[in-house]
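Below is input13.pdb, holding PDB, C-alpha atoms.
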```
ATOM      1  CA  MET Q   1       8.884 -36.484 -25.355
ATOM      2  CA  LYS Q   2      12.653 -36.289 -25.697
ATOM      3  CA  PRO Q   3      14.597 -39.401 -24.641
ATOM      4  CA  ILE Q   4      16.603 -38.948 -21.428
ATOM      5  CA  LYS Q   5      20.349 -38.744 -21.960
ATOM      6  CA  PRO Q   6      22.308 -41.676 -20.509
ATOM      7  CA  ILE Q   7      24.462 -39.397 -18.327
ATOM      8  CA  VAL Q   8      21.412 -37.721 -16.801
ATOM      9  CA  LEU Q   9      19.827 -41.089 -16.142
ATOM     10  CA  THR Q  10      22.988 -42.331 -14.410
ATOM     11  CA  ALA Q  11      23.163 -39.229 -12.227
ATOM     12  CA  LEU Q  12      19.517 -39.610 -11.243
ATOM     13  CA  VAL Q  13      19.953 -43.271 -10.327
ATOM     14  CA  VAL Q  14      23.088 -42.486  -8.275
ATOM     15  CA  PHE Q  15      21.276 -39.689  -6.361
ATOM     16  CA  ALA Q  16      18.263 -41.918  -5.704
ATOM     17  CA  ALA Q  17      20.536 -44.648  -4.377
ATOM     18  CA  LEU Q  18      22.325 -42.115  -2.130
ATOM     19  CA  ILE Q  19      19.068 -40.832  -0.709
ATOM     20  CA  VAL Q  20      17.696 -44.310  -0.031
ATOM     21  CA  TYR Q  21      20.987 -45.226   1.620
ATOM     22  CA  GLY Q  22      20.817 -42.077   3.776
ATOM     23  CA  ILE Q  23      17.209 -42.649   4.848
ATOM     24  CA  GLY Q  24      18.103 -46.098   6.125
ATOM     25  CA  HIS Q  25      20.575 -44.561   8.552
ATOM     26  CA  LEU Q  26      18.288 -41.874  10.007
ATOM     27  CA  PRO Q  27      17.356 -42.420  13.660
ATOM     28  CA  ASP Q  28      13.767 -43.113  14.642
ATOM     29  CA  ARG Q  29      11.782 -39.919  15.051
ATOM     30  CA  ALA Q  30      10.742 -40.834  18.596
ATOM     31  CA  SER Q  31      14.028 -42.432  19.604
ATOM     32  CA  PRO Q  32      15.502 -40.988  22.808
ATOM     33  CA  ASP Q  33      18.959 -41.428  21.312
ATOM     34  CA  ALA Q  34      18.224 -39.257  18.266
ATOM     35  CA  PRO Q  35      20.444 -36.151  18.277
ATOM     36  CA  PRO Q  36      17.578 -33.633  18.702
ATOM     37  CA  ASN Q  37      16.289 -35.535  21.727
ATOM     38  CA  THR Q  38      19.534 -35.760  23.642
ATOM     39  CA  GLU Q  39      20.846 -33.228  26.140
ATOM     40  CA  GLU Q  40      24.250 -33.053  24.506
ATOM     41  CA  SER Q  41      25.075 -32.966  20.836
ATOM     42  CA  ALA Q  42      27.601 -35.308  19.240
ATOM     43  CA  VAL Q  43      30.314 -32.689  19.765
ATOM     44  CA  GLY Q  44      29.538 -32.336  23.465
ATOM     45  CA  THR Q  45      27.764 -28.960  23.413
ATOM     46  CA  PRO Q  46      24.368 -28.654  25.207
ATOM     47  CA  ASN Q  47      21.275 -29.013  23.008
ATOM     48  CA  ALA Q  48      18.712 -26.217  22.887
ATOM     49  CA  ALA Q  49      15.665 -28.494  22.684
ATOM     50  CA  ALA Q  50      16.354 -30.179  26.022
ATOM     51  CA  TYR Q  51      16.806 -26.779  27.693
ATOM     52  CA  TYR Q  52      13.473 -25.524  26.320
ATOM     53  CA  ILE Q  53      11.615 -28.622  27.485
ATOM     54  CA  GLU Q  54      13.088 -28.492  30.971
ATOM     55  CA  ASN Q  55      12.882 -24.735  31.622
ATOM     56  CA  ALA Q  56       9.959 -23.403  29.568
ATOM     57  CA  TYR Q  57       7.479 -23.534  32.445
ATOM     58  CA  THR Q  58       9.747 -22.080  35.128
ATOM     59  CA  ASP Q  59      11.159 -19.387  32.818
ATOM     60  CA  ALA Q  60       7.893 -17.970  31.511
ATOM     61  CA  ASP Q  61       5.160 -19.309  33.813
ATOM     62  CA  THR Q  62       3.421 -20.730  30.737
ATOM     63  CA  PRO Q  63       2.457 -24.392  30.378
ATOM     64  CA  ASN Q  64       2.490 -24.383  26.569
ATOM     65  CA  MET Q  65       6.164 -24.745  25.731
ATOM     66  CA  VAL Q  66       5.489 -24.250  22.021
ATOM     67  CA  THR Q  67       4.206 -20.745  22.738
ATOM     68  CA  VAL Q  68       7.195 -20.010  24.956
ATOM     69  CA  THR Q  69       9.588 -21.192  22.269
ATOM     70  CA  LEU Q  70       7.856 -19.245  19.498
ATOM     71  CA  ALA Q  71       7.299 -15.961  21.304
ATOM     72  CA  ASP Q  72      10.105 -15.838  23.860
ATOM     73  CA  TYR Q  73      13.137 -17.999  23.075
ATOM     74  CA  ARG Q  74      12.667 -17.515  19.331
ATOM     75  CA  GLY Q  75      10.936 -14.138  19.496
ATOM     76  CA  PHE Q  76      13.136 -12.668  16.820
ATOM     77  CA  ASP Q  77      12.013 -15.342  14.364
ATOM     78  CA  THR Q  78       8.345 -14.604  15.087
ATOM     79  CA  LEU Q  79       9.015 -10.896  14.622
ATOM     80  CA  GLY Q  80      10.411 -11.736  11.185
ATOM     81  CA  GLU Q  81       7.328 -13.790  10.329
ATOM     82  CA  THR Q  82       5.022 -10.938  11.306
ATOM     83  CA  THR Q  83       7.082  -8.554   9.213
ATOM     84  CA  VAL Q  84       6.869 -10.913   6.251
ATOM     85  CA  ILE Q  85       3.061 -11.047   6.495
ATOM     86  CA  PHE Q  86       2.883  -7.269   6.806
ATOM     87  CA  ALA Q  87       5.215  -6.878   3.822
ATOM     88  CA  ALA Q  88       3.021  -9.235   1.778
ATOM     89  CA  GLY Q  89      -0.042  -7.130   2.592
ATOM     90  CA  LEU Q  90       1.857  -3.966   1.734
ATOM     91  CA  ALA Q  91       2.972  -5.425  -1.595
ATOM     92  CA  CYS Q  92      -0.632  -6.378  -2.434
ATOM     93  CA  ALA Q  93      -1.762  -2.851  -1.578
ATOM     94  CA  LEU Q  94       0.961  -1.212  -3.663
ATOM     95  CA  ILE Q  95       0.485  -3.414  -6.731
ATOM     96  CA  LEU Q  96      -3.299  -3.770  -6.825
ATOM     97  CA  ARG Q  97      -4.320  -0.295  -5.673
ATOM     98  CA  SER Q  98      -2.034   1.582  -8.033
ATOM     99  CA  ARG Q  99      -3.210  -0.474 -11.003
ATOM    100  CA  ARG Q 100      -6.844   0.400 -10.442
ATOM    101  CA  ARG Q 101      -6.237   4.121 -10.464
ATOM    102  CA  GLU Q 102      -4.959   4.183 -14.051
TER     103      GLU Q 102
ATOM    104  CA  MET I   1     -27.638  -1.388   0.488
ATOM    105  CA  ARG I   2     -30.482  -3.868   0.113
ATOM    106  CA  GLU I   3     -29.285  -4.881  -3.357
ATOM    107  CA  HIS I   4     -26.084  -6.365  -1.908
ATOM    108  CA  TYR I   5     -27.942  -9.222  -0.234
ATOM    109  CA  ALA I   6     -27.435 -12.046  -2.694
ATOM    110  CA  ASP I   7     -29.557 -14.324  -0.547
ATOM    111  CA  ARG I   8     -31.243 -13.702   2.764
ATOM    112  CA  ILE I   9     -30.522 -17.182   4.087
ATOM    113  CA  VAL I  10     -26.811 -16.837   3.321
ATOM    114  CA  ALA I  11     -26.661 -13.349   4.852
ATOM    115  CA  LEU I  12     -28.546 -14.375   7.979
ATOM    116  CA  SER I  13     -26.563 -17.540   8.620
ATOM    117  CA  ALA I  14     -23.292 -15.675   8.082
ATOM    118  CA  ARG I  15     -24.385 -13.044  10.583
ATOM    119  CA  LEU I  16     -25.430 -15.784  12.996
ATOM    120  CA  VAL I  17     -22.145 -17.684  12.779
ATOM    121  CA  THR I  18     -19.779 -14.697  12.793
ATOM    122  CA  PRO I  19     -19.968 -13.837  16.529
ATOM    123  CA  PHE I  20     -19.131 -17.415  17.447
ATOM    124  CA  ILE I  21     -16.167 -17.454  15.080
ATOM    125  CA  GLN I  22     -14.928 -14.210  16.588
ATOM    126  CA  LEU I  23     -15.389 -15.469  20.135
ATOM    127  CA  PHE I  24     -13.470 -18.636  19.347
ATOM    128  CA  ALA I  25     -10.760 -16.560  17.635
ATOM    129  CA  LEU I  26     -10.351 -14.461  20.784
ATOM    130  CA  TYR I  27     -10.229 -17.678  22.825
ATOM    131  CA  VAL I  28      -7.489 -19.041  20.550
ATOM    132  CA  ILE I  29      -5.502 -15.819  20.913
ATOM    133  CA  PHE I  30      -5.792 -15.449  24.669
ATOM    134  CA  HIS I  31      -5.589 -19.157  25.488
ATOM    135  CA  GLY I  32      -2.407 -19.607  23.462
ATOM    136  CA  HIS I  33      -0.475 -19.832  26.739
ATOM    137  CA  TYR I  34      -2.301 -23.019  27.737
ATOM    138  CA  SER I  35      -3.396 -24.752  24.550
ATOM    139  CA  PRO I  36      -2.480 -24.858  20.866
ATOM    140  CA  GLY I  37      -3.055 -21.485  19.297
ATOM    141  CA  GLY I  38      -1.741 -17.983  19.410
ATOM    142  CA  GLY I  39      -1.625 -14.785  17.449
ATOM    143  CA  PHE I  40      -1.283 -16.205  13.952
ATOM    144  CA  GLN I  41      -4.083 -18.739  14.226
ATOM    145  CA  GLY I  42      -6.479 -16.475  16.131
ATOM    146  CA  GLY I  43      -5.765 -13.566  13.798
ATOM    147  CA  ALA I  44      -6.476 -15.733  10.765
ATOM    148  CA  MET I  45      -9.806 -16.810  12.283
ATOM    149  CA  LEU I  46     -10.743 -13.213  13.083
ATOM    150  CA  ALA I  47      -9.939 -12.253   9.493
ATOM    151  CA  ALA I  48     -12.034 -15.212   8.303
ATOM    152  CA  SER I  49     -15.029 -13.873  10.226
ATOM    153  CA  PHE I  50     -14.609 -10.453   8.595
ATOM    154  CA  LEU I  51     -14.280 -12.034   5.157
ATOM    155  CA  LEU I  52     -17.397 -14.153   5.750
ATOM    156  CA  ILE I  53     -19.428 -10.989   6.304
ATOM    157  CA  ARG I  54     -17.794  -9.330   3.310
ATOM    158  CA  LEU I  55     -18.591 -12.305   1.092
ATOM    159  CA  SER I  56     -22.182 -12.682   2.226
ATOM    160  CA  ILE I  57     -23.517  -9.111   2.399
ATOM    161  CA  GLY I  58     -20.952  -7.219   0.362
ATOM    162  CA  THR I  59     -17.921  -5.111   1.166
ATOM    163  CA  ASP I  60     -19.903  -1.868   1.344
ATOM    164  CA  ALA I  61     -22.220  -3.068   4.084
ATOM    165  CA  ALA I  62     -19.300  -4.723   5.907
ATOM    166  CA  GLN I  63     -17.611  -1.332   6.301
ATOM    167  CA  LEU I  64     -19.549  -0.952   9.555
ATOM    168  CA  GLN I  65     -17.615  -3.902  10.960
ATOM    169  CA  PHE I  66     -14.108  -3.412   9.603
ATOM    170  CA  GLN I  67     -13.398  -0.493   7.318
ATOM    171  CA  ARG I  68     -11.412  -0.816   4.135
ATOM    172  CA  SER I  69      -9.023   1.922   5.237
ATOM    173  CA  TRP I  70      -8.095   0.122   8.487
ATOM    174  CA  GLY I  71      -6.167  -2.657   6.759
ATOM    175  CA  THR I  72      -2.737  -1.151   6.229
ATOM    176  CA  PRO I  73      -2.695   0.943   9.448
ATOM    177  CA  GLY I  74      -3.802  -2.120  11.411
ATOM    178  CA  GLY I  75      -0.978  -4.203   9.994
ATOM    179  CA  SER I  76       1.510  -1.457  10.829
ATOM    180  CA  ILE I  77       0.179  -1.090  14.365
ATOM    181  CA  GLY I  78       0.407  -4.819  15.027
ATOM    182  CA  THR I  79       3.963  -5.048  13.753
ATOM    183  CA  LEU I  80       4.897  -1.899  15.685
ATOM    184  CA  VAL I  81       3.481  -3.375  18.913
ATOM    185  CA  PHE I  82       5.812  -6.341  18.491
ATOM    186  CA  LEU I  83       8.781  -4.103  17.651
ATOM    187  CA  GLY I  84       7.808  -1.689  20.435
ATOM    188  CA  VAL I  85       7.840  -4.353  23.142
ATOM    189  CA  GLY I  86      11.369  -5.216  22.059
ATOM    190  CA  VAL I  87      12.482  -1.588  22.024
ATOM    191  CA  VAL I  88      10.828  -0.644  25.351
ATOM    192  CA  VAL I  89      12.706  -3.483  27.005
ATOM    193  CA  LEU I  90      15.979  -2.069  25.656
ATOM    194  CA  PHE I  91      15.529   1.100  27.738
ATOM    195  CA  PHE I  92      15.374  -0.892  30.973
ATOM    196  CA  GLY I  93      18.657  -2.675  30.601
ATOM    197  CA  ALA I  94      17.614  -5.941  28.977
ATOM    198  CA  ASN I  95      18.397  -7.411  25.579
ATOM    199  CA  TYR I  96      16.127  -6.849  22.600
ATOM    200  CA  LEU I  97      12.869  -8.834  23.043
ATOM    201  CA  ASP I  98      13.929 -10.048  26.495
ATOM    202  CA  TYR I  99      10.593  -9.559  28.268
ATOM    203  CA  ALA I 100      12.189  -9.796  31.718
ATOM    204  CA  GLY I 101      13.037  -6.095  31.322
ATOM    205  CA  LEU I 102       9.424  -4.903  31.134
ATOM    206  CA  PRO I 103       8.965  -2.150  33.758
ATOM    207  CA  LEU I 104       5.900  -3.613  35.493
ATOM    208  CA  GLY I 105       7.323  -4.651  38.851
ATOM    209  CA  LEU I 106       6.452  -8.343  38.651
ATOM    210  CA  PRO I 107       8.605 -11.426  39.126
ATOM    211  CA  GLU I 108      10.488 -12.456  36.006
ATOM    212  CA  PRO I 109       8.370 -15.466  34.914
ATOM    213  CA  GLU I 110       5.175 -13.394  35.054
ATOM    214  CA  LEU I 111       6.851 -10.615  33.074
ATOM    215  CA  ARG I 112       7.745 -13.125  30.374
ATOM    216  CA  ASN I 113       4.164 -14.412  30.451
ATOM    217  CA  LEU I 114       2.850 -10.872  29.902
ATOM    218  CA  GLY I 115       5.444 -10.150  27.245
ATOM    219  CA  ILE I 116       4.327 -13.194  25.285
ATOM    220  CA  LEU I 117       0.717 -11.969  25.566
ATOM    221  CA  PHE I 118       1.594  -8.485  24.245
ATOM    222  CA  VAL I 119       3.552  -9.937  21.387
ATOM    223  CA  GLU I 120       0.776 -12.374  20.475
ATOM    224  CA  LEU I 121      -1.751  -9.524  20.513
ATOM    225  CA  GLY I 122       0.443  -7.546  18.127
ATOM    226  CA  VAL I 123       0.727 -10.540  15.823
ATOM    227  CA  ALA I 124      -3.046 -11.085  15.948
ATOM    228  CA  VAL I 125      -3.800  -7.461  15.015
ATOM    229  CA  ALA I 126      -1.255  -7.510  12.204
ATOM    230  CA  VAL I 127      -2.496 -10.804  10.742
ATOM    231  CA  THR I 128      -6.186  -9.830  10.981
ATOM    232  CA  ALA I 129      -5.699  -6.441   9.345
ATOM    233  CA  THR I 130      -3.321  -7.691   6.673
ATOM    234  CA  LEU I 131      -5.459 -10.650   5.565
ATOM    235  CA  THR I 132      -8.550  -8.451   5.387
ATOM    236  CA  ALA I 133      -6.593  -5.807   3.490
ATOM    237  CA  ILE I 134      -5.361  -8.359   0.944
ATOM    238  CA  TYR I 135      -8.959  -9.442   0.288
ATOM    239  CA  ASP I 136     -10.071  -5.818  -0.062
ATOM    240  CA  ASP I 137      -7.234  -5.065  -2.456
ATOM    241  CA  LEU I 138      -8.060  -8.087  -4.602
ATOM    242  CA  VAL I 139     -11.746  -7.185  -4.761
ATOM    243  CA  GLY I 140     -10.923  -3.536  -5.408
ATOM    244  CA  GLU I 141     -12.645  -0.376  -4.364
ATOM    245  CA  LYS I 142     -16.159   0.581  -5.213
ATOM    246  CA  PRO I 143     -16.181   1.061  -8.984
ATOM    247  CA  GLU I 144     -16.348   4.799  -9.519
ATOM    248  CA  LEU I 145     -17.883   4.407 -12.977
ATOM    249  CA  HIS I 146     -20.927   2.865 -11.371
ATOM    250  CA  HIS I 147     -21.186   5.841  -9.040
ATOM    251  CA  ALA I 148     -20.689   8.368 -11.827
ATOM    252  CA  GLY I 149     -23.303   6.578 -13.871
ATOM    253  CA  LEU I 150     -25.785   6.831 -11.025
ATOM    254  CA  GLU I 151     -25.127  10.549 -10.562
ATOM    255  CA  GLU I 152     -25.444  11.166 -14.271
ATOM    256  CA  GLN I 153     -28.763   9.370 -14.269
ATOM    257  CA  ALA I 154     -29.927  11.404 -11.296
ATOM    258  CA  THR I 155     -29.081  14.723 -12.936
ATOM    259  CA  LYS I 156     -30.671  13.581 -16.180
ATOM    260  CA  THR I 157     -33.937  12.736 -14.461
ATOM    261  CA  GLU I 158     -33.754  16.061 -12.606
ATOM    262  CA  GLU I 159     -33.340  17.918 -15.860
ATOM    263  CA  ALA I 160     -36.137  15.936 -17.399
ATOM    264  CA  ASP I 161     -38.365  16.841 -14.456
ATOM    265  CA  GLN I 162     -37.469  20.496 -14.773
ATOM    266  CA  MET I 163     -38.042  20.419 -18.495
ATOM    267  CA  ALA I 164     -41.415  18.830 -17.958
ATOM    268  CA  ALA I 165     -42.284  21.416 -15.289
ATOM    269  CA  SER I 166     -41.251  24.474 -17.312
ATOM    270  CA  PRO I 167     -40.691  23.688 -20.965
ATOM    271  CA  GLY I 168     -40.289  27.355 -21.902
ATOM    272  CA  GLU I 169     -37.447  28.311 -19.517
ATOM    273  CA  GLU I 170     -35.108  25.385 -20.064
ATOM    274  CA  PRO I 171     -31.676  27.223 -20.195
ATOM    275  CA  GLU I 172     -32.298  29.207 -17.036
ATOM    276  CA  ALA I 173     -33.415  26.162 -15.135
ATOM    277  CA  ARG I 174     -30.242  24.323 -16.136
ATOM    278  CA  ASP I 175     -28.079  27.254 -14.996
ATOM    279  CA  GLY I 176     -29.862  27.246 -11.675
ATOM    280  CA  ALA I 177     -29.265  23.524 -11.243
ATOM    281  CA  VAL I 178     -25.558  23.921 -11.976
ATOM    282  CA  GLY I 179     -25.301  26.842  -9.587
ATOM    283  CA  ALA I 180     -26.981  24.906  -6.822
TER     284      ALA I 180
END
```
Once you've parsed the file, please lay out its structure as structure tokens.
Amino acid sequence: MKPIKPIVLTALVVFAALIVYGIGHLPDRASPDAPPNTEESAVGTPNAAAYYIENAYTDADTPNMVTVTLADYRGFDTLGETTVIFAAGLACALILRSRRRE
Amino acid sequence: MREHYADRIVALSARLVTPFIQLFALYVIFHGHYSPGGGFQGGAMLAASFLLIRLSIGTDAAQLQFQRSWGTPGGSIGTLVFLGVGVVVLFFGANYLDYAGLPLGLPEPELRNLGILFVELGVAVAVTATLTAIYDDLVGEKPELHHAGLEEQATKTEEADQMAASPGEEPEARDGAVGA
């Protein structure tokens, strides 16, 4: 195994220190003051997550707010996911089927 | 098709379990409004039930359940259902994928509820068909050499039978067989 160059080692140590320093300043995942859990962002604009939680049931008559978010508020994203799966199946068909015919 | 049964116990238990898997998959799809689940998860479970049958009794016998040629069309239909709901809504004055524009004459929340159901059904069909199609593509089609070999054997035994029946008129008999 080749010895690690001193400059690479320094860079790695500096990045590790930065990451550890950053992790220490992250808010608690369940904290009500964490930016994703507040109604307003730090800049003063309304947060999407709070809107979804408050209005999912009245907007779509559906108790499962995850489903409402996935299929209604973020329907375009789910459409992309479906297209990706379909494209994967199509790629498998094109590659594997054509190879067998030769 | 009897030769495809690797083991009767495996085949029987797979056939016994499959309906329950499919029922639970449908429950996951249609109950996605009220509990964890939805099109992706239910579709994957439905595909798993098809693959279980394919693995246990062979792809040829499983054609009765889900044919090899349904994979790619099924994936297209599912994706088109999703796209179609979005496009239909466009013609009734709403934004793309805004289910409130569905022309069904219901209050807006119920329209959104139905729209989510349609979309989840499309996703379920697409995922089921695509996963099954990927398995079928990996396994490959019925090897044609095997088939050709069988036919060759059949004709050979036929010729042998004819030769045994009439050893003197061999060329004519062969012509007749080819003509037929």
Would you give me, as a PyMOL selection string, the residues of chain I that come within 6 Å of chain Q, using all atoms listed in the file? chain I and resi 33-34+75+109+112-113+116+130+134+137
Mind checking which residues fall within 6 Å of stretch 83-100 of chain I, counting all atoms listed in the file, ignoring those fewer than 4 positions away in the same chain, and posting them as a ChimeraX atom specification? /I:108,111-112,115
Write out as JSON, numbers by chain which residues come within 10 Å of stretch 7-10 of chain I when counting all atoms listed in the file, dropping same-chain ones fewer than 6 positions away. {"I": [16, 53, 55, 56, 57]}
Between atom CA of Q:Ala17 and atom CA of Q:Ile4, what is the spacing in Å? 18.4 Å
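Straight-line separation from atom CA of I:Thr18 to atom CA of I:Ser49: 5.5 Å.
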